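Source file protein-v8.csv; content: CSV, C-alpha atoms.
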```
chain,number,residue,atom,x,y,z
A,1,MET,CA,-29.3,-25.9,15.3
A,2,ALA,CA,-25.9,-24.3,15.6
A,3,GLU,CA,-23.4,-25.6,13.1
A,4,TYR,CA,-21.1,-26.7,15.9
A,5,SER,CA,-23.7,-27.9,18.4
A,6,SER,CA,-22.5,-24.9,20.5
A,7,ILE,CA,-23.2,-21.2,19.9
A,8,LEU,CA,-20.2,-20.3,22.1
A,9,LEU,CA,-17.9,-22.3,19.9
A,10,GLU,CA,-19.5,-20.9,16.8
A,11,ASN,CA,-19.0,-17.3,18.0
A,12,ALA,CA,-15.3,-18.0,18.8
A,13,VAL,CA,-14.8,-19.5,15.4
A,14,ASP,CA,-16.5,-16.6,13.7
A,15,SER,CA,-14.3,-14.1,15.4
A,16,LEU,CA,-11.1,-16.0,14.7
A,17,SER,CA,-12.0,-16.5,11.1
A,18,ARG,CA,-12.3,-12.7,10.6
A,19,LEU,CA,-8.5,-12.6,11.0
A,20,PRO,CA,-6.6,-12.4,7.7
A,21,GLY,CA,-5.6,-15.8,6.4
A,22,ILE,CA,-7.6,-17.7,8.9
A,23,GLY,CA,-10.4,-19.7,7.4
A,24,LYS,CA,-13.2,-21.5,9.1
A,25,LYS,CA,-11.3,-24.8,9.4
A,26,THR,CA,-8.2,-23.2,10.9
A,27,ALA,CA,-10.4,-21.1,13.2
A,28,LEU,CA,-12.1,-24.3,14.5
A,29,ARG,CA,-8.7,-25.9,15.1
A,30,LEU,CA,-7.5,-22.9,17.1
A,31,ALA,CA,-10.7,-22.8,19.1
A,32,LEU,CA,-10.6,-26.5,19.9
A,33,HIS,CA,-6.9,-26.1,20.9
A,34,LEU,CA,-7.8,-23.4,23.4
A,35,LEU,CA,-10.7,-25.6,24.7
A,36,GLY,CA,-8.1,-28.3,25.3
A,37,GLU,CA,-5.6,-26.1,27.1
A,38,GLU,CA,-5.6,-24.6,30.6
A,39,ALA,CA,-8.0,-21.6,31.0
A,40,THR,CA,-5.0,-19.3,31.6
A,41,GLU,CA,-3.9,-19.8,28.0
A,42,THR,CA,-7.1,-18.3,26.7
A,43,GLU,CA,-7.1,-15.6,29.4
A,44,GLN,CA,-3.5,-14.5,28.5
A,45,LEU,CA,-4.3,-14.4,24.8
A,46,ALA,CA,-7.4,-12.3,25.3
A,47,ASP,CA,-5.7,-10.0,27.8
A,48,SER,CA,-2.6,-9.4,25.7
A,49,LEU,CA,-4.7,-8.5,22.7
A,50,LEU,CA,-6.9,-6.1,24.6
A,51,LYS,CA,-4.0,-4.4,26.3
A,52,MET,CA,-2.2,-4.0,23.0
A,53,LYS,CA,-5.2,-2.6,21.3
A,54,ARG,CA,-6.1,-0.2,24.1
A,55,ASN,CA,-2.6,1.1,25.0
A,56,ILE,CA,-0.4,1.0,21.9
A,57,ARG,CA,0.2,4.2,20.0
A,58,LEU,CA,2.4,5.7,17.3
A,59,CYS,CA,5.7,7.4,18.3
A,60,GLU,CA,5.0,11.1,17.9
A,61,ARG,CA,8.4,11.6,16.3
A,62,CYS,CA,8.9,8.7,13.9
A,63,TYR,CA,5.4,7.1,13.8
A,64,ASN,CA,6.7,3.7,14.6
A,65,ILE,CA,4.5,1.6,17.0
A,66,SER,CA,5.3,2.5,20.6
A,67,ASP,CA,4.2,1.9,24.2
A,68,THR,CA,5.3,5.5,25.1
A,69,ALA,CA,4.8,8.9,23.5
A,70,VAL,CA,8.3,8.7,22.0
A,71,CYS,CA,9.5,5.2,21.0
A,72,SER,CA,12.4,3.3,22.4
A,73,ILE,CA,14.5,3.9,19.2
A,74,CYS,CA,13.9,7.7,19.1
A,75,SER,CA,14.6,8.0,22.8
A,76,ASN,CA,17.8,5.9,22.7
A,77,PRO,CA,20.8,8.4,23.2
A,78,ARG,CA,23.2,6.0,21.5
A,79,ARG,CA,21.4,6.2,18.1
A,80,ASP,CA,22.8,8.5,15.5
A,81,GLU,CA,20.3,11.4,15.2
A,82,ASN,CA,21.9,12.7,12.0
A,83,THR,CA,20.7,9.8,9.8
A,84,LEU,CA,17.1,9.1,9.1
A,85,CYS,CA,15.8,6.0,7.4
A,86,VAL,CA,12.4,6.3,5.7
A,87,VAL,CA,10.4,3.1,5.5
A,88,ALA,CA,6.9,2.2,4.5
A,89,ASP,CA,5.9,0.1,7.4
A,90,MET,CA,6.8,-0.8,11.0
A,91,ARG,CA,7.6,-4.3,9.8
A,92,ASP,CA,10.4,-2.7,7.7
A,93,VAL,CA,11.9,-1.2,10.9
A,94,LEU,CA,12.0,-4.7,12.3
A,95,ALA,CA,13.7,-6.1,9.2
A,96,ILE,CA,16.3,-3.3,9.2
A,97,GLU,CA,16.9,-3.6,13.0
A,98,ARG,CA,17.6,-7.4,12.5
A,99,THR,CA,20.4,-6.6,10.1
A,100,ALA,CA,22.2,-4.6,12.9
A,101,SER,CA,23.7,-2.5,10.2
A,102,PHE,CA,21.9,0.8,10.8
A,103,ASN,CA,22.2,2.9,13.9
A,104,GLY,CA,20.2,6.0,12.9
A,105,LEU,CA,16.6,6.9,13.5
A,106,TYR,CA,13.5,5.9,11.4
A,107,HIS,CA,10.5,7.6,9.8
A,108,VAL,CA,7.6,5.3,9.2
A,109,LEU,CA,5.4,6.6,6.3
A,110,GLY,CA,2.5,4.1,7.0
A,111,GLY,CA,2.5,2.9,3.4
A,112,VAL,CA,3.5,4.0,-0.2
A,113,ILE,CA,1.7,6.1,-2.7
A,114,SER,CA,-0.7,3.9,-4.6
A,115,PRO,CA,-3.4,5.3,-6.8
A,116,ILE,CA,-4.9,1.8,-7.3
A,117,GLU,CA,-5.3,1.3,-3.6
A,118,GLY,CA,-6.4,4.9,-3.2
A,119,ILE,CA,-3.4,5.9,-1.0
A,120,SER,CA,-2.4,9.5,-1.7
A,121,PRO,CA,0.6,11.4,-0.2
A,122,ASN,CA,-1.8,13.0,2.3
A,123,ASP,CA,-2.5,9.5,3.7
A,124,LEU,CA,1.2,9.1,4.5
A,125,LYS,CA,3.5,10.8,7.0
A,126,ILE,CA,5.3,12.7,4.3
A,127,SER,CA,4.6,16.3,5.5
A,128,GLN,CA,5.8,15.2,8.9
A,129,LEU,CA,9.0,13.9,7.2
A,130,VAL,CA,9.5,17.3,5.5
A,131,ARG,CA,9.0,19.0,8.9
A,132,ARG,CA,11.6,16.8,10.5
A,133,ALA,CA,14.0,17.5,7.7
A,134,GLN,CA,13.6,21.2,8.4
A,135,GLN,CA,13.7,21.1,12.2
A,136,GLU,CA,16.0,18.3,13.2
A,137,ASP,CA,19.8,18.2,12.5
A,138,ILE,CA,19.7,15.6,9.8
A,139,LYS,CA,22.6,15.0,7.5
A,140,GLU,CA,21.4,12.1,5.4
A,141,ILE,CA,17.9,10.7,4.6
A,142,ILE,CA,18.0,7.1,3.4
A,143,LEU,CA,14.9,6.1,1.4
A,144,ALA,CA,14.3,2.4,2.1
A,145,LEU,CA,11.0,1.8,0.4
A,146,PRO,CA,9.9,-1.3,-1.5
A,147,ALA,CA,11.5,-1.9,-4.9
A,148,THR,CA,8.1,-1.5,-6.7
A,149,ILE,CA,6.6,1.1,-8.9
A,150,GLU,CA,4.7,2.5,-5.9
A,151,GLY,CA,7.9,2.6,-4.0
A,152,ASP,CA,9.7,4.4,-6.8
A,153,THR,CA,6.8,6.8,-7.1
A,154,THR,CA,7.0,7.6,-3.4
A,155,ASN,CA,10.8,8.0,-3.6
A,156,PHE,CA,10.4,10.5,-6.3
A,157,TYR,CA,7.5,12.4,-4.6
A,158,ILE,CA,9.5,12.6,-1.4
A,159,TYR,CA,12.7,13.7,-3.3
A,160,ARG,CA,10.7,16.6,-4.8
A,161,GLN,CA,9.1,17.6,-1.4
A,162,LEU,CA,12.6,17.7,0.1
A,163,SER,CA,13.9,20.1,-2.5
A,164,ASP,CA,14.9,22.6,0.3
A,165,PHE,CA,16.7,19.9,2.3
A,166,LYS,CA,20.5,20.6,2.5
A,167,GLY,CA,21.7,17.1,3.4
A,168,LYS,CA,22.2,13.9,1.4
A,169,ILE,CA,19.3,11.9,0.1
A,170,SER,CA,20.1,8.2,-0.7
A,171,VAL,CA,18.2,5.1,-1.7
A,172,ILE,CA,19.1,1.6,-0.7
A,173,SER,CA,20.8,-0.4,-3.4
A,174,LYS,CA,19.0,-2.9,-5.7
A,175,GLY,CA,20.9,-5.9,-7.1
A,176,ILE,CA,21.2,-9.6,-6.8
A,177,ALA,CA,20.7,-11.1,-3.3
A,178,VAL,CA,23.6,-12.4,-1.3
A,179,GLY,CA,23.9,-16.2,-2.2
A,180,ASP,CA,22.1,-15.8,-5.5
A,181,ALA,CA,23.3,-17.8,-8.5
A,182,LEU,CA,23.1,-15.5,-11.6
A,183,GLU,CA,21.2,-17.9,-13.8
A,184,TYR,CA,18.2,-17.7,-11.4
A,185,VAL,CA,18.0,-13.9,-11.0
A,186,ASP,CA,15.4,-12.1,-13.0
A,187,GLU,CA,16.7,-10.0,-15.9
A,188,VAL,CA,15.5,-6.6,-14.5
A,189,THR,CA,17.3,-7.1,-11.2
A,190,LEU,CA,20.4,-8.5,-12.9
A,191,GLY,CA,20.5,-5.6,-15.4
A,192,ARG,CA,20.2,-3.1,-12.5
A,193,SER,CA,22.9,-4.8,-10.6
A,194,ILE,CA,25.3,-4.4,-13.6
A,195,GLN,CA,24.3,-0.7,-14.0
A,196,ASN,CA,24.8,-0.1,-10.3
A,197,ARG,CA,28.0,-2.0,-10.0
A,198,THR,CA,30.5,-0.8,-7.4
A,199,ILE,CA,34.2,-0.5,-8.1
A,200,PHE,CA,36.2,-3.5,-6.8
A,201,SER,CA,39.7,-2.4,-7.8
A,202,GLN,CA,41.1,0.5,-9.9
A,203,LYS,CA,44.6,1.2,-11.1
B,1,MET,CA,15.1,-3.1,23.8
B,2,ALA,CA,12.0,-5.1,22.9
B,3,GLU,CA,12.1,-6.9,19.6
B,4,TYR,CA,9.2,-4.9,18.3
B,5,SER,CA,9.9,-1.5,19.9
B,6,SER,CA,6.7,-2.3,21.9
B,7,ILE,CA,6.3,-4.7,24.8
B,8,LEU,CA,2.5,-4.6,24.3
B,9,LEU,CA,2.9,-5.8,20.7
B,10,GLU,CA,5.5,-8.4,21.7
B,11,ASN,CA,3.2,-9.9,24.4
B,12,ALA,CA,0.3,-10.1,21.9
B,13,VAL,CA,2.6,-11.8,19.3
B,14,ASP,CA,3.9,-14.2,21.9
B,15,SER,CA,0.4,-15.3,22.9
B,16,LEU,CA,-0.8,-15.6,19.3
B,17,SER,CA,2.2,-17.6,18.3
B,18,ARG,CA,1.5,-20.1,21.0
B,19,LEU,CA,-1.5,-21.3,18.9
B,20,PRO,CA,-0.9,-24.4,16.8
B,21,GLY,CA,0.3,-23.6,13.3
B,22,ILE,CA,0.8,-19.9,14.0
B,23,GLY,CA,4.5,-18.8,13.8
B,24,LYS,CA,6.0,-15.5,14.9
B,25,LYS,CA,5.5,-13.9,11.4
B,26,THR,CA,1.9,-14.9,11.1
B,27,ALA,CA,1.3,-13.8,14.7
B,28,LEU,CA,2.8,-10.4,13.9
B,29,ARG,CA,0.6,-10.1,10.9
B,30,LEU,CA,-2.5,-10.9,12.9
B,31,ALA,CA,-1.6,-8.4,15.7
B,32,LEU,CA,-0.9,-5.6,13.2
B,33,HIS,CA,-4.2,-6.4,11.5
B,34,LEU,CA,-6.0,-6.0,14.9
B,35,LEU,CA,-4.1,-2.7,15.5
B,36,GLY,CA,-5.4,-1.4,12.1
B,37,GLU,CA,-9.0,-2.3,12.8
B,38,GLU,CA,-11.7,-0.8,15.1
B,39,ALA,CA,-11.2,-1.6,18.8
B,40,THR,CA,-14.6,-3.5,18.7
B,41,GLU,CA,-12.9,-6.1,16.5
B,42,THR,CA,-10.3,-7.0,19.2
B,43,GLU,CA,-12.9,-6.8,22.0
B,44,GLN,CA,-15.2,-9.2,20.2
B,45,LEU,CA,-12.5,-11.7,19.6
B,46,ALA,CA,-11.2,-11.6,23.2
B,47,ASP,CA,-14.8,-11.7,24.5
B,48,SER,CA,-15.9,-14.7,22.4
B,49,LEU,CA,-12.7,-16.7,23.3
B,50,LEU,CA,-13.2,-16.1,27.0
B,51,LYS,CA,-16.9,-16.8,26.9
B,52,MET,CA,-16.3,-20.0,25.0
B,53,LYS,CA,-13.5,-21.2,27.4
B,54,ARG,CA,-15.4,-20.3,30.5
B,55,ASN,CA,-18.9,-21.6,29.6
B,56,ILE,CA,-18.5,-24.5,27.2
B,57,ARG,CA,-18.7,-28.1,28.5
B,58,LEU,CA,-19.1,-31.7,27.3
B,59,CYS,CA,-22.6,-33.1,26.9
B,60,GLU,CA,-23.1,-35.5,29.8
B,61,ARG,CA,-24.7,-38.0,27.5
B,62,CYS,CA,-22.6,-38.1,24.3
B,63,TYR,CA,-19.5,-36.1,25.4
B,64,ASN,CA,-19.8,-33.8,22.4
B,65,ILE,CA,-19.1,-30.1,23.0
B,66,SER,CA,-22.2,-28.3,24.3
B,67,ASP,CA,-23.5,-25.1,25.8
B,68,THR,CA,-25.9,-27.0,28.0
B,69,ALA,CA,-25.8,-30.1,30.2
B,70,VAL,CA,-27.2,-32.2,27.4
B,71,CYS,CA,-26.3,-31.1,23.8
B,72,SER,CA,-28.6,-30.0,21.1
B,73,ILE,CA,-28.4,-33.3,19.2
B,74,CYS,CA,-29.1,-35.5,22.3
B,75,SER,CA,-32.0,-33.4,23.3
B,76,ASN,CA,-33.5,-33.2,19.8
B,77,PRO,CA,-36.7,-35.4,19.9
B,78,ARG,CA,-36.6,-36.0,16.1
B,79,ARG,CA,-33.2,-37.9,16.3
B,80,ASP,CA,-33.3,-41.6,16.2
B,81,GLU,CA,-32.4,-42.8,19.8
B,82,ASN,CA,-31.9,-46.4,18.7
B,83,THR,CA,-28.8,-45.8,16.6
B,84,LEU,CA,-25.5,-44.6,18.1
B,85,CYS,CA,-22.5,-43.5,16.0
B,86,VAL,CA,-19.2,-43.7,17.8
B,87,VAL,CA,-16.6,-41.1,16.7
B,88,ALA,CA,-13.1,-40.1,17.9
B,89,ASP,CA,-13.6,-36.4,18.0
B,90,MET,CA,-16.2,-33.7,17.9
B,91,ARG,CA,-14.9,-32.6,14.5
B,92,ASP,CA,-16.1,-36.0,13.2
B,93,VAL,CA,-19.6,-35.2,14.5
B,94,LEU,CA,-19.5,-32.0,12.4
B,95,ALA,CA,-18.2,-34.0,9.3
B,96,ILE,CA,-21.0,-36.6,9.6
B,97,GLU,CA,-23.7,-33.9,10.3
B,98,ARG,CA,-22.7,-32.2,7.1
B,99,THR,CA,-23.4,-35.3,5.1
B,100,ALA,CA,-27.0,-35.2,6.3
B,101,SER,CA,-27.1,-39.0,6.0
B,102,PHE,CA,-27.3,-39.9,9.7
B,103,ASN,CA,-30.1,-39.1,12.1
B,104,GLY,CA,-29.1,-41.0,15.2
B,105,LEU,CA,-27.2,-40.0,18.3
B,106,TYR,CA,-23.4,-39.8,18.8
B,107,HIS,CA,-20.9,-40.9,21.3
B,108,VAL,CA,-17.6,-38.9,21.3
B,109,LEU,CA,-14.7,-41.0,22.6
B,110,GLY,CA,-12.2,-38.1,22.7
B,111,GLY,CA,-9.6,-39.9,20.7
B,112,VAL,CA,-8.4,-43.4,19.7
B,113,ILE,CA,-6.2,-45.9,21.6
B,114,SER,CA,-2.6,-45.0,20.8
B,115,PRO,CA,0.3,-46.5,22.8
B,116,ILE,CA,2.7,-44.2,21.0
B,117,GLU,CA,0.9,-41.1,22.1
B,118,GLY,CA,0.2,-42.6,25.5
B,119,ILE,CA,-3.6,-42.8,25.0
B,120,SER,CA,-5.0,-45.8,26.8
B,121,PRO,CA,-8.7,-47.0,26.8
B,122,ASN,CA,-9.1,-45.3,30.2
B,123,ASP,CA,-8.4,-41.9,28.7
B,124,LEU,CA,-11.4,-42.4,26.4
B,125,LYS,CA,-15.1,-42.5,27.0
B,126,ILE,CA,-15.3,-46.2,26.4
B,127,SER,CA,-16.7,-47.3,29.7
B,128,GLN,CA,-19.4,-44.6,29.3
B,129,LEU,CA,-20.2,-46.2,25.9
B,130,VAL,CA,-20.6,-49.6,27.5
B,131,ARG,CA,-22.9,-48.1,30.1
B,132,ARG,CA,-25.0,-46.4,27.4
B,133,ALA,CA,-25.2,-49.7,25.5
B,134,GLN,CA,-26.6,-51.3,28.7
B,135,GLN,CA,-28.9,-48.6,29.8
B,136,GLU,CA,-30.3,-47.0,26.6
B,137,ASP,CA,-32.5,-48.7,24.0
B,138,ILE,CA,-29.8,-49.0,21.3
B,139,LYS,CA,-30.4,-51.3,18.4
B,140,GLU,CA,-27.2,-50.5,16.4
B,141,ILE,CA,-23.8,-49.1,17.2
B,142,ILE,CA,-21.9,-47.7,14.2
B,143,LEU,CA,-18.2,-47.4,14.7
B,144,ALA,CA,-17.0,-44.4,12.7
B,145,LEU,CA,-13.4,-44.2,13.8
B,146,PRO,CA,-10.4,-43.2,11.6
B,147,ALA,CA,-9.2,-45.8,9.1
B,148,THR,CA,-5.8,-46.1,10.8
B,149,ILE,CA,-4.2,-48.8,12.9
B,150,GLU,CA,-5.2,-46.9,16.0
B,151,GLY,CA,-8.7,-46.7,14.7
B,152,ASP,CA,-8.8,-50.4,14.0
B,153,THR,CA,-7.3,-51.2,17.4
B,154,THR,CA,-10.0,-49.1,19.1
B,155,ASN,CA,-12.7,-50.7,17.0
B,156,PHE,CA,-11.6,-54.1,18.2
B,157,TYR,CA,-11.3,-53.0,21.8
B,158,ILE,CA,-14.8,-51.6,21.8
B,159,TYR,CA,-16.1,-54.7,20.1
B,160,ARG,CA,-14.7,-56.8,22.9
B,161,GLN,CA,-16.0,-54.5,25.6
B,162,LEU,CA,-19.5,-54.7,24.0
B,163,SER,CA,-19.6,-58.5,24.1
B,164,ASP,CA,-22.9,-58.4,26.2
B,165,PHE,CA,-24.5,-56.0,23.8
B,166,LYS,CA,-27.6,-57.5,22.1
B,167,GLY,CA,-27.9,-55.2,19.1
B,168,LYS,CA,-25.9,-54.8,15.9
B,169,ILE,CA,-22.4,-53.4,15.7
B,170,SER,CA,-21.2,-52.1,12.4
B,171,VAL,CA,-18.2,-50.2,11.0
B,172,ILE,CA,-18.3,-47.6,8.3
B,173,SER,CA,-17.2,-48.9,4.9
B,174,LYS,CA,-13.8,-48.3,3.5
B,175,GLY,CA,-13.2,-48.1,-0.3
B,176,ILE,CA,-12.4,-45.7,-3.1
B,177,ALA,CA,-13.8,-42.1,-2.7
B,178,VAL,CA,-16.6,-40.9,-4.8
B,179,GLY,CA,-15.1,-39.3,-7.9
B,180,ASP,CA,-11.8,-41.2,-7.6
B,181,ALA,CA,-10.1,-42.6,-10.8
B,182,LEU,CA,-8.9,-46.1,-10.0
B,183,GLU,CA,-5.4,-45.5,-11.2
B,184,TYR,CA,-4.7,-42.9,-8.5
B,185,VAL,CA,-6.1,-44.9,-5.6
B,186,ASP,CA,-3.5,-46.5,-3.3
B,187,GLU,CA,-3.4,-50.3,-3.5
B,188,VAL,CA,-4.5,-51.1,0.0
B,189,THR,CA,-7.7,-49.0,-0.4
B,190,LEU,CA,-8.4,-50.4,-3.8
B,191,GLY,CA,-7.8,-54.0,-2.6
B,192,ARG,CA,-10.2,-53.4,0.4
B,193,SER,CA,-12.8,-51.9,-1.9
B,194,ILE,CA,-12.8,-55.0,-4.1
B,195,GLN,CA,-13.0,-57.3,-1.0
B,196,ASN,CA,-15.9,-55.3,0.4
B,197,ARG,CA,-17.7,-54.9,-2.9
B,198,THR,CA,-21.5,-54.6,-2.7
B,199,ILE,CA,-23.8,-56.6,-5.0
B,200,PHE,CA,-25.0,-54.5,-7.9
B,201,SER,CA,-27.3,-57.0,-9.6
B,202,GLN,CA,-27.9,-60.7,-9.1
B,203,LYS,CA,-30.0,-63.2,-11.1
```
Go ahead and express the file in the form of structure tokens.
Amino acid sequence: MAEYSSILLENAVDSLSRLPGIGKKTALRLALHLLGEEATETEQLADSLLKMKRNIRLCERCYNISDTAVCSICSNPRRDENTLCVVADMRDVLAIERTASFNGLYHVLGGVISPIEGISPNDLKISQLVRRAQQEDIKEIILALPATIEGDTTNFYIYRQLSDFKGKISVISKGIAVGDALEYVDEVTLGRSIQNRTIFSQK
Amino acid sequence: MAEYSSILLENAVDSLSRLPGIGKKTALRLALHLLGEEATETEQLADSLLKMKRNIRLCERCYNISDTAVCSICSNPRRDENTLCVVADMRDVLAIERTASFNGLYHVLGGVISPIEGISPNDLKISQLVRRAQQEDIKEIILALPATIEGDTTNFYIYRQLSDFKGKISVISKGIAVGDALEYVDEVTLGRSIQNRTIFSQK
């Protein structure tokens, strides 16, 4: 006998529970929710997932996720083509876009160098970054990778690969978060934020 | 510009985040996971959800979810047809089946009476229960509804509706859980478990 008295339900629960962070119980709750809703709800979900999977691609310029050959950021004439922000993941593009404090273009590496996870420089879009640095009119490359050992390693690797690059290379600043009380900040971050202090007033 | 530089991704995230307990961030994580996996993964998920929604129905005897007109429990000749367990939800059927301590048939009400949520007796399969009590050869009806005010109300309502029923009507016992230390049990439950004590030894 099927665990759920329905093979159809069991199959749906199995597929849902293959998603990350969704266990059997949550999957069952989601399946029963869909059973209780209008059929259009399920059809729209299935349709949007299939359309996304079948038609989405990476922008051939910046490797961000895109519906078109070149993504909407790269093809926006109001963006500053002289500044390039290098990020690990498309989620980082979303995070930076939400700040509304960057108007340049992006370059999505697809991860950071990580010997433990078996991610080598060749698995990332680093050679493509070097080519863009040579071919495009870029004045500054901002490295906005995670503040981890892997991020630092990748920063350093990219810095070496870009040895011929004539423009500026910068990294985003590390320090205490806006709103942080000093007593709750970890020592490494607090130490860094003192080292990397900015001048407030000078006579 | 689309929030995610891709309308396709945005649509998928929108559909996923309409599921209960799935926020925008989780939905994005799920969508990106599917983008990273083989296409068969997404196709299988979409297909199993559509097949479930289109083909599943309620057993016409017990109103449990079923792939066939009569569910696999009701049509199993080895189940005891003289005992009926009344539950609120199909999830409760799963929970009781997992205990392997009940071999009778079920009757799934589809909820409990709840004036606050606007669920009246007519929204539940109570008249169908009364009909089964009249037409089938049932010797005992076990009420296994949640131990809430709504559950108790529904128990009482059913008890009154079944006034012509000649067999036994029982409710599942309430008391401390197996493994519970007494000091952590709430007073109402502990009080009930003393009132409803069972005889251990008698001279």
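One distance worth recording is that between atom CA of Leu129 of chain B and atom CA of His107 of chain B, which is 7.1 Å.
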To box segment 180-193 of chain B, take all atoms listed in the file, fit an axis-aligned box, add 5 Å on each side, and give centre and edge lengths in Å to one decimal, as JSON.
```
{"center_x": -8.1, "center_y": -47.6, "center_z": -5.4, "size_x": 19.4, "size_y": 22.8, "size_z": 21.6}
```
7 Å contacts from chain B to chain A using all atoms listed in the file, as a PyMOL selection string: chain B and resi 4-9+11-12+15-16+19-20+30+35+39+42-46+48-53+56+65-67+71-72+94
One decimal, in Å: what's the spacing between atom CA of Asn122 of chain B and atom CA of Leu143 of chain B? 18.1 Å
Please provide as JSON, numbers by chain all residues within 9 Å of segment 162-168 of chain A, with the sequence filter that same-chain residues fewer than 3 positions apart are discarded (counting only C-alpha atoms). {"A": [129, 130, 133, 134, 138, 139, 140, 141, 142, 157, 158, 159]}
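Proximity to Thr189 of chain A at 12 Å, evaluated using all atoms listed in the file and with sequence-adjacent residues fewer than 6 positions away removed, yields Ala147, Thr148, Ser173, Lys174, Gly175, Ile176, Ala177, Asp180, Leu182, Glu183, Gln195, Asn196 and Arg197 of chain A.
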Would you please take segment 159-177 of chain B of the structure in the block above and write N, CA and C atoms to a file as a short mmCIF file (atom, residue, chain, number, x, y, z; two decimals), in the first residue's frame?
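Contents of result32.cif, freshly written:
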```
data_model
loop_
_atom_site.label_atom_id
_atom_site.label_comp_id
_atom_site.auth_asym_id
_atom_site.auth_seq_id
_atom_site.Cartn_x
_atom_site.Cartn_y
_atom_site.Cartn_z
N TYR B 159 -21.91 12.95 18.33
CA TYR B 159 -22.54 12.07 19.32
C TYR B 159 -24.06 12.26 19.28
N ARG B 160 -24.50 13.53 19.17
CA ARG B 160 -25.95 13.79 19.12
C ARG B 160 -26.56 13.30 17.80
N GLN B 161 -25.84 13.51 16.72
CA GLN B 161 -26.35 13.07 15.40
C GLN B 161 -26.47 11.55 15.33
N LEU B 162 -25.63 10.85 16.12
CA LEU B 162 -25.62 9.40 16.07
C LEU B 162 -26.52 8.78 17.14
N SER B 163 -27.52 9.56 17.60
CA SER B 163 -28.35 9.08 18.72
C SER B 163 -29.05 7.75 18.39
N ASP B 164 -29.31 7.49 17.09
CA ASP B 164 -29.97 6.23 16.72
C ASP B 164 -28.99 5.07 16.56
N PHE B 165 -27.72 5.36 16.62
CA PHE B 165 -26.70 4.33 16.37
C PHE B 165 -26.67 3.32 17.51
N LYS B 166 -26.72 2.02 17.16
CA LYS B 166 -26.84 0.98 18.19
C LYS B 166 -25.50 0.53 18.76
N GLY B 167 -24.40 0.81 18.04
CA GLY B 167 -23.09 0.32 18.48
C GLY B 167 -22.44 1.20 19.53
N LYS B 168 -21.14 0.99 19.75
CA LYS B 168 -20.37 1.72 20.73
C LYS B 168 -19.82 2.99 20.09
N ILE B 169 -19.76 4.09 20.85
CA ILE B 169 -19.04 5.29 20.40
C ILE B 169 -17.96 5.57 21.43
N SER B 170 -16.71 5.69 20.98
CA SER B 170 -15.62 5.95 21.93
C SER B 170 -14.82 7.16 21.45
N VAL B 171 -14.07 7.75 22.38
CA VAL B 171 -13.12 8.80 21.98
C VAL B 171 -11.72 8.34 22.39
N ILE B 172 -10.70 8.77 21.63
CA ILE B 172 -9.33 8.39 21.97
C ILE B 172 -8.97 9.04 23.30
N SER B 173 -8.08 8.37 24.07
CA SER B 173 -7.77 8.85 25.42
C SER B 173 -6.84 10.05 25.37
N LYS B 174 -6.99 10.91 26.36
CA LYS B 174 -6.10 12.05 26.53
C LYS B 174 -5.32 11.83 27.81
N GLY B 175 -4.06 12.20 27.81
CA GLY B 175 -3.22 12.02 28.99
C GLY B 175 -1.80 12.42 28.69
N ILE B 176 -0.89 12.08 29.58
CA ILE B 176 0.51 12.47 29.33
C ILE B 176 1.07 11.59 28.23
N ALA B 177 1.99 12.16 27.43
CA ALA B 177 2.59 11.43 26.32
C ALA B 177 3.57 10.40 26.85
#
```
